Structures are given as structure tokens and as C-alpha cells.
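Content type mmCIF, C-alpha atoms and all ligand atoms, from the file protein_13.cif:
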data_input
#
loop_
_atom_site.group_PDB
_atom_site.id
_atom_site.type_symbol
_atom_site.label_atom_id
_atom_site.label_comp_id
_atom_site.auth_asym_id
_atom_site.auth_seq_id
_atom_site.Cartn_x
_atom_site.Cartn_y
_atom_site.Cartn_z
ATOM 1 C CA MET V 1 -3.972 65.942 -87.477
ATOM 2 C CA LYS V 2 -3.539 64.649 -83.913
ATOM 3 C CA LEU V 3 -5.667 61.565 -83.561
ATOM 4 C CA LEU V 4 -6.402 59.619 -80.393
ATOM 5 C CA LEU V 5 -6.942 55.982 -81.269
ATOM 6 C CA HIS V 6 -8.918 54.065 -78.711
ATOM 7 C CA ALA V 7 -7.434 50.542 -78.749
ATOM 8 C CA CYS V 8 -8.860 47.359 -77.290
ATOM 9 C CA CYS V 9 -5.691 45.240 -77.640
ATOM 10 C CA GLY V 10 -2.412 44.832 -79.548
ATOM 11 C CA PRO V 11 -3.542 42.552 -82.393
ATOM 12 C CA CYS V 12 -6.523 44.795 -83.197
ATOM 13 C CA SER V 13 -4.234 47.855 -83.298
ATOM 14 C CA LEU V 14 -1.883 46.622 -86.025
ATOM 15 C CA GLU V 15 -3.881 47.404 -89.140
ATOM 16 C CA PRO V 16 -5.767 50.531 -87.944
ATOM 17 C CA VAL V 17 -2.453 52.102 -86.909
ATOM 18 C CA ARG V 18 -0.862 51.280 -90.258
ATOM 19 C CA LEU V 19 -3.823 52.587 -92.262
ATOM 20 C CA LEU V 20 -4.315 55.745 -90.203
ATOM 21 C CA GLN V 21 -0.605 56.551 -90.356
ATOM 22 C CA GLU V 22 -0.698 56.056 -94.121
ATOM 23 C CA ALA V 23 -3.614 58.511 -94.181
ATOM 24 C CA GLY V 24 -1.373 61.066 -92.449
ATOM 25 C CA TYR V 25 -2.669 61.056 -88.869
ATOM 26 C CA ALA V 26 -0.321 61.543 -85.906
ATOM 27 C CA ILE V 27 -1.453 58.754 -83.623
ATOM 28 C CA THR V 28 -1.508 58.236 -79.878
ATOM 29 C CA ILE V 29 -3.058 55.038 -78.616
ATOM 30 C CA CYS V 30 -5.524 55.216 -75.753
ATOM 31 C CA PHE V 31 -6.140 52.046 -73.741
ATOM 32 C CA ALA V 32 -9.500 52.720 -72.052
ATOM 33 C CA ASN V 33 -10.974 49.308 -71.351
ATOM 34 C CA PRO V 34 -12.447 48.803 -67.883
ATOM 35 C CA ASN V 35 -14.590 46.086 -69.478
ATOM 36 C CA ILE V 36 -11.662 43.642 -69.506
ATOM 37 C CA GLN V 37 -11.890 41.124 -66.701
ATOM 38 C CA PRO V 38 -10.232 39.733 -64.720
ATOM 39 C CA ARG V 39 -7.601 42.358 -63.945
ATOM 40 C CA GLU V 40 -4.740 39.993 -64.932
ATOM 41 C CA GLU V 41 -6.252 39.754 -68.399
ATOM 42 C CA TYR V 42 -6.419 43.552 -68.602
ATOM 43 C CA ASP V 43 -2.731 43.816 -67.652
ATOM 44 C CA LYS V 44 -1.774 41.123 -70.122
ATOM 45 C CA ARG V 45 -3.523 42.837 -73.062
ATOM 46 C CA LEU V 46 -2.097 46.214 -72.096
ATOM 47 C CA ASN V 47 1.454 44.815 -71.829
ATOM 48 C CA VAL V 48 1.205 43.123 -75.226
ATOM 49 C CA LEU V 49 -0.009 46.369 -76.771
ATOM 50 C CA ARG V 50 2.671 48.424 -75.033
ATOM 51 C CA SER V 51 5.601 46.253 -76.015
ATOM 52 C CA TRP V 52 4.581 46.341 -79.700
ATOM 53 C CA ALA V 53 3.765 50.092 -79.670
ATOM 54 C CA ASP V 54 7.055 50.951 -77.915
ATOM 55 C CA GLU V 55 8.974 49.190 -80.655
ATOM 56 C CA ALA V 56 6.871 50.901 -83.325
ATOM 57 C CA GLY V 57 7.413 54.288 -81.654
ATOM 58 C CA ILE V 58 3.733 54.954 -80.977
ATOM 59 C CA PRO V 59 2.818 56.628 -77.679
ATOM 60 C CA VAL V 60 0.353 54.743 -75.462
ATOM 61 C CA VAL V 61 -1.727 56.142 -72.649
ATOM 62 C CA ASP V 62 -3.764 53.884 -70.365
ATOM 63 C CA LEU V 63 -6.690 55.425 -68.545
ATOM 64 C CA PRO V 64 -7.648 54.310 -65.006
ATOM 65 C CA TYR V 65 -9.161 50.841 -64.748
ATOM 66 C CA ASP V 66 -12.607 51.927 -63.577
ATOM 67 C CA LEU V 67 -14.403 48.607 -63.234
ATOM 68 C CA ASP V 68 -17.095 50.188 -61.052
ATOM 69 C CA ALA V 69 -18.075 52.550 -63.847
ATOM 70 C CA TRP V 70 -18.350 49.570 -66.212
ATOM 71 C CA ARG V 71 -20.463 47.601 -63.720
ATOM 72 C CA LYS V 72 -22.823 50.554 -63.277
ATOM 73 C CA THR V 73 -23.368 50.911 -67.042
ATOM 74 C CA ALA V 74 -22.819 47.851 -69.253
ATOM 75 C CA GLY V 75 -22.853 45.480 -66.268
ATOM 76 C CA ALA V 76 -26.167 46.916 -65.089
ATOM 77 C CA VAL V 77 -27.737 46.267 -68.505
ATOM 78 C CA GLU V 78 -26.756 42.609 -68.270
ATOM 79 C CA ASP V 79 -27.892 42.338 -64.644
ATOM 80 C CA ALA V 80 -31.294 43.729 -65.669
ATOM 81 C CA GLY V 81 -31.573 41.005 -68.323
ATOM 82 C CA GLY V 82 -30.985 43.401 -71.237
ATOM 83 C CA PRO V 83 -29.943 42.091 -74.658
ATOM 84 C CA ARG V 84 -26.297 41.836 -75.687
ATOM 85 C CA GLU V 85 -26.606 44.773 -78.077
ATOM 86 C CA GLU V 86 -27.591 47.121 -75.257
ATOM 87 C CA ARG V 87 -24.848 45.823 -73.005
ATOM 88 C CA CYS V 88 -22.226 46.301 -75.719
ATOM 89 C CA ARG V 89 -23.572 49.731 -76.635
ATOM 90 C CA ALA V 90 -23.195 50.844 -73.022
ATOM 91 C CA CYS V 91 -19.710 49.314 -72.974
ATOM 92 C CA TYR V 92 -18.593 51.113 -76.170
ATOM 93 C CA ALA V 93 -20.170 54.346 -74.940
ATOM 94 C CA LEU V 94 -18.235 54.245 -71.673
ATOM 95 C CA ARG V 95 -14.842 53.445 -73.217
ATOM 96 C CA LEU V 96 -15.198 55.924 -76.063
ATOM 97 C CA GLU V 97 -16.517 58.645 -73.732
ATOM 98 C CA GLN V 98 -13.498 58.172 -71.454
ATOM 99 C CA SER V 99 -11.174 58.343 -74.472
ATOM 100 C CA ALA V 100 -12.902 61.383 -76.007
ATOM 101 C CA ALA V 101 -12.915 63.320 -72.723
ATOM 102 C CA TRP V 102 -9.228 62.632 -72.146
ATOM 103 C CA GLY V 103 -8.322 63.364 -75.770
ATOM 104 C CA ALA V 104 -10.174 66.690 -75.844
ATOM 105 C CA ALA V 105 -8.524 67.763 -72.609
ATOM 106 C CA GLN V 106 -5.112 66.912 -74.073
ATOM 107 C CA GLY V 107 -5.632 68.862 -77.288
ATOM 108 C CA PHE V 108 -6.335 66.014 -79.704
ATOM 109 C CA GLU V 109 -8.364 66.838 -82.799
ATOM 110 C CA ALA V 110 -9.780 63.471 -83.844
ATOM 111 C CA LEU V 111 -10.967 60.206 -82.378
ATOM 112 C CA SER V 112 -11.017 56.684 -83.808
ATOM 113 C CA THR V 113 -11.167 53.116 -82.490
ATOM 114 C CA THR V 114 -9.607 49.740 -83.229
ATOM 115 C CA LEU V 115 -12.932 48.092 -82.346
ATOM 116 C CA ALA V 116 -13.777 48.707 -86.006
ATOM 117 C CA VAL V 117 -11.415 45.923 -87.126
ATOM 118 C CA SER V 118 -13.115 43.046 -85.350
ATOM 119 C CA PRO V 119 -15.933 41.128 -87.034
ATOM 120 C CA TYR V 120 -16.984 40.057 -83.534
ATOM 121 C CA GLN V 121 -17.973 43.612 -82.559
ATOM 122 C CA LEU V 122 -21.285 45.264 -83.377
ATOM 123 C CA SER V 123 -19.913 47.533 -86.065
ATOM 124 C CA GLU V 124 -22.869 49.911 -86.533
ATOM 125 C CA VAL V 125 -23.432 50.328 -82.803
ATOM 126 C CA CYS V 126 -19.751 51.032 -82.393
ATOM 127 C CA ARG V 127 -19.797 53.669 -85.142
ATOM 128 C CA GLU V 128 -22.800 55.414 -83.562
ATOM 129 C CA GLU V 129 -21.118 55.554 -80.162
ATOM 130 C CA LEU V 130 -17.829 56.806 -81.639
ATOM 131 C CA GLU V 131 -19.666 59.587 -83.463
ATOM 132 C CA ALA V 132 -21.599 60.548 -80.324
ATOM 133 C CA ALA V 133 -18.511 60.603 -78.082
ATOM 134 C CA ALA V 134 -16.486 62.618 -80.608
ATOM 135 C CA ALA V 135 -19.332 65.119 -81.067
ATOM 136 C CA ARG V 136 -19.774 65.608 -77.301
ATOM 137 C CA HIS V 137 -16.129 66.681 -77.034
ATOM 138 C CA GLY V 138 -15.719 68.607 -80.278
ATOM 139 C CA LEU V 139 -13.472 66.008 -81.913
ATOM 140 C CA ALA V 140 -13.532 64.887 -85.534
ATOM 141 C CA CYS V 141 -14.878 61.347 -85.759
ATOM 142 C CA VAL V 142 -12.619 59.136 -87.877
ATOM 143 C CA TRP V 143 -14.712 56.061 -88.472
ATOM 144 C CA LYS V 144 -13.279 53.439 -90.787
ATOM 145 C CA ASP V 145 -14.631 49.962 -91.243
ATOM 146 C CA PHE V 146 -11.355 48.080 -90.800
ATOM 147 C CA ARG V 147 -12.984 44.638 -90.888
ATOM 148 C CA PRO V 148 -11.626 43.728 -94.357
ATOM 149 C CA TYR V 149 -8.159 43.943 -92.740
ATOM 150 C CA TYR V 150 -8.980 41.483 -89.951
ATOM 151 C CA PRO V 151 -7.356 38.487 -91.738
ATOM 152 C CA THR V 152 -4.155 40.523 -92.251
ATOM 153 C CA ALA V 153 -4.214 41.543 -88.592
ATOM 154 C CA THR V 154 -4.584 37.896 -87.628
ATOM 155 C CA THR V 155 -1.619 36.873 -89.776
ATOM 156 C CA ARG V 156 0.583 39.745 -88.595
ATOM 157 C CA SER V 157 -0.197 39.201 -84.916
ATOM 158 C CA ARG V 158 0.524 35.486 -85.307
ATOM 159 C CA GLU V 159 3.852 36.241 -86.982
ATOM 160 C CA LEU V 160 4.725 38.645 -84.173
ATOM 161 C CA GLY V 161 3.888 35.958 -81.600
ATOM 162 C CA MET V 162 1.334 38.279 -79.957
ATOM 163 C CA TYR V 163 -1.054 36.936 -77.349
ATOM 164 C CA ARG V 164 -4.522 36.781 -78.945
ATOM 165 C CA GLN V 165 -7.402 36.534 -76.499
ATOM 166 C CA ASN V 166 -10.353 34.253 -77.210
ATOM 167 C CA TYR V 167 -13.095 36.433 -75.702
ATOM 168 C CA CYS V 168 -14.108 40.059 -76.041
ATOM 169 C CA GLY V 169 -13.382 41.293 -72.535
ATOM 170 C CA CYS V 170 -16.125 41.142 -69.913
ATOM 171 C CA LEU V 171 -16.873 38.000 -67.920
ATOM 172 C CA TYR V 172 -20.183 37.643 -69.738
ATOM 173 C CA SER V 173 -18.378 37.519 -73.064
ATOM 174 C CA LYS V 174 -15.944 34.979 -71.601
ATOM 175 C CA ALA V 175 -18.841 32.696 -70.605
ATOM 176 C CA GLU V 176 -20.572 33.275 -73.962
ATOM 177 C CA ALA V 177 -17.413 32.459 -75.916
ATOM 178 C CA GLU V 178 -16.875 29.292 -73.880
ATOM 179 C CA ALA V 179 -20.481 28.235 -74.478
ATOM 180 C CA GLU V 180 -20.125 28.920 -78.218
ATOM 181 C CA ARG V 181 -16.921 26.893 -78.417
ATOM 182 C CA ALA V 182 -18.543 24.025 -76.476
ATOM 183 C CA ALA V 183 -21.584 24.120 -78.793
ATOM 184 C CA ALA V 184 -19.341 24.167 -81.885
ATOM 185 C CA LYS V 185 -17.342 21.237 -80.488
ATOM 186 C CA ALA V 186 -20.531 19.277 -79.743
ATOM 187 C CA ALA V 187 -21.890 20.007 -83.240
ATOM 188 C CA LYS V 188 -18.614 18.828 -84.767
ATOM 189 C CA ALA V 189 -18.685 15.623 -82.685
ATOM 190 C CA GLU V 190 -22.292 15.037 -83.770
ATOM 191 C CA GLU V 191 -21.347 15.534 -87.433
ATOM 192 C CA ARG V 192 -18.422 13.136 -87.073
ATOM 193 C CA ALA V 193 -20.641 10.505 -85.394
ATOM 194 C CA ALA V 194 -23.251 10.840 -88.162
ATOM 195 C CA ARG V 195 -20.531 10.531 -90.829
ATOM 196 C CA GLU V 196 -19.100 7.455 -89.120
ATOM 197 C CA ALA V 197 -22.577 5.896 -88.836
ATOM 198 C CA VAL V 198 -23.099 6.338 -92.590
ATOM 199 C CA GLN V 199 -19.677 4.812 -93.296
ATOM 200 C CA GLU V 200 -20.406 1.909 -90.927
ATOM 201 C CA ALA V 201 -23.787 1.277 -92.591
ATOM 202 C CA ALA V 202 -22.084 1.258 -96.006
ATOM 203 C CA ARG V 203 -19.423 -1.145 -94.694
ATOM 204 C CA ALA V 204 -22.122 -3.449 -93.239
ATOM 205 C CA GLU V 205 -24.059 -3.385 -96.525
ATOM 206 C CA ARG V 206 -20.933 -4.272 -98.499
ATOM 207 C CA ALA V 207 -20.134 -7.118 -96.068
ATOM 208 C CA SER V 208 -23.685 -8.450 -96.271
ATOM 209 C CA LYS V 209 -23.620 -8.381 -100.102
ATOM 210 C CA GLN V 210 -20.260 -10.146 -100.100
ATOM 211 C CA ALA V 211 -21.578 -12.814 -97.704
ATOM 212 C CA ALA V 212 -24.655 -13.381 -99.910
ATOM 213 C CA TYR V 213 -22.444 -13.635 -102.996
ATOM 214 C CA ASP V 214 -20.072 -16.094 -101.253
ATOM 215 C CA GLU V 215 -23.014 -18.246 -100.147
ATOM 216 C CA LYS V 216 -24.409 -18.300 -103.680
ATOM 217 C CA GLN V 217 -21.015 -19.311 -105.055
ATOM 218 C CA ARG V 218 -20.669 -22.020 -102.389
ATOM 219 C CA LYS V 219 -24.054 -23.472 -103.284
ATOM 220 C CA LYS V 220 -23.232 -23.370 -106.990
ATOM 221 C CA LYS V 221 -19.958 -25.175 -106.376
ATOM 222 C CA GLU V 222 -21.695 -27.756 -104.192
ATOM 223 C CA ALA V 223 -24.300 -28.358 -106.905
ATOM 224 C CA ARG V 224 -21.573 -28.635 -109.560
ATOM 225 C CA ASN V 225 -19.647 -31.156 -107.469
ATOM 226 C CA ALA V 226 -22.784 -33.157 -106.758
ATOM 227 C CA ALA V 227 -23.571 -33.228 -110.475
ATOM 228 C CA ARG V 228 -20.003 -34.313 -111.256
ATOM 229 C CA ARG V 229 -20.175 -37.063 -108.637
ATOM 230 C CA ALA V 230 -23.521 -38.269 -109.988
ATOM 231 C CA ALA V 231 -22.177 -38.285 -113.560
ATOM 232 C CA HIS V 232 -19.056 -40.145 -112.432
ATOM 233 C CA ASP V 233 -21.108 -42.738 -110.550
ATOM 234 C CA ALA V 234 -23.420 -43.214 -113.500
ATOM 235 C CA ALA V 235 -20.471 -43.683 -115.868
ATOM 236 C CA SER V 236 -18.803 -46.155 -113.582
ATOM 237 C CA ASP V 237 -22.029 -48.189 -113.215
ATOM 238 C CA THR V 238 -22.325 -48.342 -116.998
ATOM 239 C CA ALA V 239 -18.729 -49.488 -117.346
ATOM 240 C CA HIS V 240 -19.150 -52.214 -114.755
ATOM 241 C CA GLN V 241 -22.287 -53.356 -116.392
ATOM 242 C CA ALA V 242 -20.493 -53.551 -119.757
ATOM 243 C CA LEU V 243 -17.653 -55.611 -118.275
ATOM 244 C CA GLU V 244 -20.092 -57.890 -116.550
ATOM 245 C CA ASP V 245 -21.912 -58.287 -119.807
ATOM 246 C CA GLU V 246 -18.609 -59.290 -121.466
ATOM 247 C CA GLY V 247 -17.974 -61.818 -118.686
ATOM 248 C CA TRP V 248 -14.646 -60.349 -117.706
ATOM 249 C CA GLN V 249 -13.232 -61.744 -114.473
ATOM 250 C CA GLY V 250 -10.318 -59.551 -113.660
HETATM 251 S S1 LIG V 301 -19.001 41.599 -75.089
HETATM 252 FE FE1 LIG V 301 -17.298 43.046 -75.316
HETATM 253 S S2 LIG V 301 -18.231 44.935 -76.023
HETATM 254 FE FE2 LIG V 301 -19.852 43.673 -75.206
HETATM 255 S S3 LIG V 301 -20.043 44.272 -73.056
HETATM 256 FE FE3 LIG V 301 -18.649 42.566 -73.086
HETATM 257 S S4 LIG V 301 -16.626 43.479 -73.254
HETATM 258 FE FE4 LIG V 301 -18.093 45.058 -73.802
#
With the file now loaded, output its structure as C-alpha cells.
Amino acid sequence: MKLLLHACCGPCSLEPVRLLQEAGYAITICFANPNIQPREEYDKRLNVLRSWADEAGIPVVDLPYDLDAWRKTAGAVEDAGGPREERCRACYALRLEQSAAWGAAQGFEALSTTLAVSPYQLSEVCREELEAAAARHGLACVWKDFRPYYPTATTRSRELGMYRQNYCGCLYSKAEAEAERAAAKAAKAEERAAREAVQEAARAERASKQAAYDEKQRKKKEARNAARRAAHDAASDTAHQALEDEGWQG
């Protein structure tokens, strides 16, 4: 069966392509991602995907970079203060609709997406939009939850030296990811400071106990010495007295 696989990037394509090929599908990758900003980032992700797919012998088609269409749909949700889920739903809907329309026109029979491999995507929303886009264009919807293969995809992409982006695609997601990383860094620093404070308090307590012990020992020693001196003096007085009593004149 001829399947058009909507792909968001190279690393996310590795496992879905392998699994769908194993299942017998004839795959063409469709890069329909006007959500990716800035344009240099879009080109970078597309080039990484292309160079891997060329080597693997998988055809890749990239649809026009229609940023205006994205701004009028997903971007408009964000501008109106809508929640992330709605923004992402509109984003999935646009990219999958573009893919489905192109695929149907080109004689494909089925539609799937690599978005299903990422634990950072809204899996259920993505599935709903894939089903809707496929149904609108008479394509079979091939939905597979690829998320269990995400760790393998991470390892494989690392081994292949693939560029792996650290945000989903739109500028909102870039800002959100940066804020999340900053918050995680701050939380880590706070944890470290708290841990160090506990260690410092324990060190101070140990030092204070040691100082108290040393002082006690010093006082004991002083008392012992004083007692020894007193005993010595007393003994010497007794001896002198005895000699005097004997009338010795040495
Ligand atoms: S976070 Fe990702 S899926 Fe959601 S709107 Fe941005 S690019 Fe699209």
C-alpha cells in the first residue's frame, strides 16, 4: 500500500519509517511544516531529513512553506490567547490537511505521521487530526503510537550525528522550551543550594561538637595537672618538714 508519511524532522522519522516498512508499506515522506520558524531552522531540519532519506532510498517531498497559512490558523489561536492544546490542534490540522490533500492528488492510499513518536506532542489530538484529514481525502488512516520507540530514535539519531532540535517548531514553542529549561535550571540550582546548606549545617554541628569536646578535655587536663601539682607540693612540704624534724643541715 502506498503510504504518505508526514514527517516533522529526520530524528522523528527513523523509527516510524522502519516500523511502517516492516509492516509492508511503500513509503514517501512528506515534509509539510510551515510551523517551523525561523526559515533557517526549517531548512536545517529539511536538509537533515533529506540527507538521511536519500541514503536510505526513501523519496521525500517538501510542500510549500506557507507561513501565512500557519499564522492565520495556529498563530491566530495563540494571538487570541487560546490554550496550547487549541494552538497545536490547529497546527496539526493544517500540516496533516496539506499532506492529505497532496497525497490524495498523487494517488496515495494511506496517511500517517511521525508526530506520533514524540512524547512532547499531544498524542490524542494528533490522532484525531490525522483521522480527520485522512477521512476528508479518502485515505486510510495509519495511526500508530510510536512513543515507545522514542528512546531508540534518540539513540539512533545520536549515533548518526543528526541535528536534534530543542523546540517543537513555532516561535511560541521556542520561547516555551527556553522558559522550561530556565525553570528547570533554576530548580536544580535551588536544590543544590538547599543540599549544600544541609551539608554546611552538618559540618558546623560537627565542628561545634568537636570544639566542645576539646574544651572539656582541656579543662580535664588542666584539673589533672593542678591536682598533680598540689599533690607534689604537699609531698614536698611533708618531706621538708620531716628533714627539719630530723635536724638535717644539708
Ligand atoms: S508547539 Fe509545535 S505543534 Fe504546537 S503550535 Fe507550535 S509548532 Fe505546532
Exercise. Take the PyMOL selection byres (((not hetatm)) within 12 of (chain V and resi 301)), apply it to the structure above, and return the hits as a PyMOL selection string.
Key: chain V and resi 8-9+32-38+42+67+70-79+82-96+115-116+118-123+125-126+129+165-177
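Shortest separation to Leu63 (chain V) among V:Ala100, V:Leu111, V:Ala153, V:Leu130 occurs at residue V:Ala100, atoms counted being only C-alpha atoms.
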Self-check item: Between CA of Cys141 (chain V) and CA of Glu124 (chain V) - distance in Å to one decimal
Solution: 14.0 Å
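For the residues V:Glu22, V:Asn47, V:Trp52, V:Ala134, ranking by smallest atom-to-atom distance to His6 (chain V) using all atoms listed in the file places V:Ala134 first.
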Practice problem: Enumerate, as an MDAnalysis selection string, the residues matched when the PyMOL selection byres (((chain V and resi 16) around 12) and not hetatm) is run on the file above. | Solution: chainID V and resid 3:15 17:23 25 27:29 112:118 142:150 152:153
Practice problem: Figure out the distance between CA of Trp102 (chain V) and CA of Cys30 (chain V), please, to one decimal in Å. | Solution: 9.0 Å
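The shortest atom-to-atom distance to Met1 (chain V), with only C-alpha atoms taken into account, belongs to V:Ala140 out of V:Glu55, V:Ala140, V:Leu49, V:Ala193.
One finds CA of Gln98 (chain V) at 10.1 Å from CA of Asp66 (chain V).
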Can you sort out the box for region 30-38 of chain V, edges along x, y and z, all listed atoms in, 5 Å on every side, with centre and edge lengths in Å to one decimal, as JSON?
{"center_x": -10.1, "center_y": 47.5, "center_z": -70.2, "size_x": 19.1, "size_y": 25.5, "size_z": 21.0}
